Amino acid sequence: MLNFSSVLLVFVALMGGVSNVALAHGEKKSSTAPVLKEQTDWGIAGDVKSANRTVEVSMGDDMRFSPGRLSVKQGETIRFVVRNSGALLHEFVIGTPAENAKHAELMLKFPGMEHDEPYMAHVNPGQTGEIVWTFNRAGMFEFACLIAGHFQAGMVGTITVAAN
């Protein structure tokens, strides 16, 4: 008999590997290991010491972010402080609209899917999370809560990165 972990491993293997699958939803795992700085289409993990500014974002059980739209300049490093004002677990995930939609679809199929990347903050009710991100590519990106049903309810915001 196959257990969930075996089914998930087979699914990931069949999909050719899914880079978003890593650690669990819930509290961010504490680690002394450095953040993996892997270039994505929407930027790269930044260093808090290099942050140009701090942007505070609130998320709640109305399935909305405040603010819902952000503008940054290409090359800017932003320290996001993300507060969960709701009673449910929420997350703040930066990505392209296509990448977030693909990930949200996987979350519907596998709501307990484990993952943790430097462009994600899983924030428990009443808590605050943090992401430091360098937007080294211009374009239209988004932040979203990809917990099953939240994305589909409209929990999505936009990030416009203006070219230098």
# chains A, B, ... in the order shown; residues from 1 in each chain; ligands from 1

$ residues_around --residues "Gly149 of chain A" --least-positions-apart "5" --cutoff "9 Å" --atoms "only C-alpha atoms" --output "list in words"
Ala104, Met107, Leu108 and Gly154 of chain A

$ closest_residue --among "A:Thr158, A:Asn124, A:Asn84, A:Asn164" --to "Pro67 of chain A" --atoms "only C-alpha atoms"
A:Thr158

$ residues_around --residues "Ala138 of chain A" --least-positions-apart "5" --cutoff "10 Å" --atoms "only C-alpha atoms" --output "VMD selection string"
chain A and resid 41 to 43 72 to 75 160 to 164

$ closest_residue --among "A:His150, A:Arg79, A:His103, A:His115" --to "Glu130 of chain A" --atoms "only C-alpha atoms"
A:Arg79

$ closest_residue --among "A:Ile78, A:Phe143, A:Ser66, A:Leu106" --to "Arg53 of chain A" --atoms "only C-alpha atoms"
A:Ile78

$ atom_distance --atom1 "atom CA of Gly60 of chain A" --atom2 "atom CA of Met140 of chain A"
23.5 Å

$ select_by_dssp --residues "segment 48-129 of chain A" --states "helix (DSSP H, G or I)" --output "list in words"
Val48, Lys49, Ser50, Pro97, Ala98, Glu99, Asn100, Ala101, Lys102, His103, Ala104, Glu105, Leu106, Met107, Leu108 and Lys109 of chain A

$ atom_distance --atom1 "atom CA of Met120 of chain A" --atom2 "atom CA of Asn52 of chain A"
19.4 Å

$ closest_residue --among "A:Lys102, A:Lys109, A:Arg83, A:Arg69" --to "Ile131 of chain A" --atoms "only C-alpha atoms"
A:Arg83

$ atom_distance --atom1 "atom CA of Pro125 of chain A" --atom2 "atom CA of Phe80 of chain A"
17.2 Å

$ residues_around --residues "Gly95 of chain A" --least-positions-apart "5" --cutoff "6 Å" --atoms "only C-alpha atoms" --output "list in words"
Trp42, Asn100, Phe141 and Glu142 of chain A

$ write_last_selection --atoms "C-alpha atoms" --output "PDB file, in the first residue's frame"
ATOM      1  CA  TRP A  42      11.240  37.496 -10.584  1.00  0.00           C
ATOM      2  CA  ASN A 100       2.031  31.169  -8.804  1.00  0.00           C
ATOM      3  CA  PHE A 141       5.076  40.031 -10.914  1.00  0.00           C
ATOM      4  CA  GLU A 142       2.761  39.094  -8.095  1.00  0.00           C
TER       5      GLU A 142
END

$ closest_residue --among "A:Ser58, A:Ser71, A:Ser85, A:Gln39" --to "Ala144 of chain A" --atoms "only C-alpha atoms"
A:Ser58

$ closest_residue --among "A:Glu117, A:Ala101, A:Thr96, A:Leu36" --to "Gln152 of chain A" --atoms "only C-alpha atoms"
A:Ala101

$ residues_around --residues "Leu89 of chain A" --least-positions-apart "2" --cutoff "9 Å" --atoms "only C-alpha atoms" --output "list of chain:residue names"
A:His25, A:Gly26, A:Asp61, A:Asn84, A:Gly86, A:Ala87, A:Glu91, A:His122, A:Val123, A:Asn124, A:Pro125, A:Ile147

$ write_last_selection --atoms "N, CA and C atoms" --output "PDB file, in the first residue's frame"
ATOM      1  N   HIS A  25       4.357  23.621   5.159  1.00  0.00           N
ATOM      2  CA  HIS A  25       3.552  24.792   5.484  1.00  0.00           C
ATOM      3  C   HIS A  25       3.531  24.900   6.986  1.00  0.00           C
ATOM      4  N   GLY A  26       3.359  26.084   7.470  1.00  0.00           N
ATOM      5  CA  GLY A  26       3.344  26.297   8.910  1.00  0.00           C
ATOM      6  C   GLY A  26       4.512  27.173   9.267  1.00  0.00           C
ATOM      7  N   ASP A  61      -8.169  37.231   6.755  1.00  0.00           N
ATOM      8  CA  ASP A  61      -9.124  36.200   6.387  1.00  0.00           C
ATOM      9  C   ASP A  61     -10.153  36.668   5.367  1.00  0.00           C
ATOM     10  N   ASN A  84       0.108  38.637   9.533  1.00  0.00           N
ATOM     11  CA  ASN A  84      -1.138  37.895   9.377  1.00  0.00           C
ATOM     12  C   ASN A  84      -2.105  38.399  10.442  1.00  0.00           C
ATOM     13  N   GLY A  86      -5.269  37.692  10.448  1.00  0.00           N
ATOM     14  CA  GLY A  86      -6.414  36.780  10.475  1.00  0.00           C
ATOM     15  C   GLY A  86      -6.291  35.682  11.505  1.00  0.00           C
ATOM     16  N   ALA A  87      -7.260  34.766  11.438  1.00  0.00           N
ATOM     17  CA  ALA A  87      -7.297  33.605  12.328  1.00  0.00           C
ATOM     18  C   ALA A  87      -6.829  32.336  11.623  1.00  0.00           C
ATOM     19  N   GLU A  91       0.047  32.856   3.622  1.00  0.00           N
ATOM     20  CA  GLU A  91       1.427  32.943   3.150  1.00  0.00           C
ATOM     21  C   GLU A  91       1.555  34.073   2.146  1.00  0.00           C
ATOM     22  N   HIS A 122       5.453  31.807   5.320  1.00  0.00           N
ATOM     23  CA  HIS A 122       4.254  31.176   5.876  1.00  0.00           C
ATOM     24  C   HIS A 122       4.064  31.808   7.247  1.00  0.00           C
ATOM     25  N   VAL A 123       2.899  32.449   7.452  1.00  0.00           N
ATOM     26  CA  VAL A 123       2.720  33.238   8.668  1.00  0.00           C
ATOM     27  C   VAL A 123       1.480  32.763   9.427  1.00  0.00           C
ATOM     28  N   ASN A 124       1.700  32.308  10.637  1.00  0.00           N
ATOM     29  CA  ASN A 124       0.609  31.862  11.499  1.00  0.00           C
ATOM     30  C   ASN A 124      -0.240  33.051  11.940  1.00  0.00           C
ATOM     31  N   PRO A 125      -1.485  32.801  12.350  1.00  0.00           N
ATOM     32  CA  PRO A 125      -2.367  33.883  12.792  1.00  0.00           C
ATOM     33  C   PRO A 125      -1.720  34.746  13.869  1.00  0.00           C
ATOM     34  N   ILE A 147      -2.134  28.881  -0.318  1.00  0.00           N
ATOM     35  CA  ILE A 147      -2.824  27.858   0.465  1.00  0.00           C
ATOM     36  C   ILE A 147      -4.129  27.529  -0.267  1.00  0.00           C
TER      37      ILE A 147
END
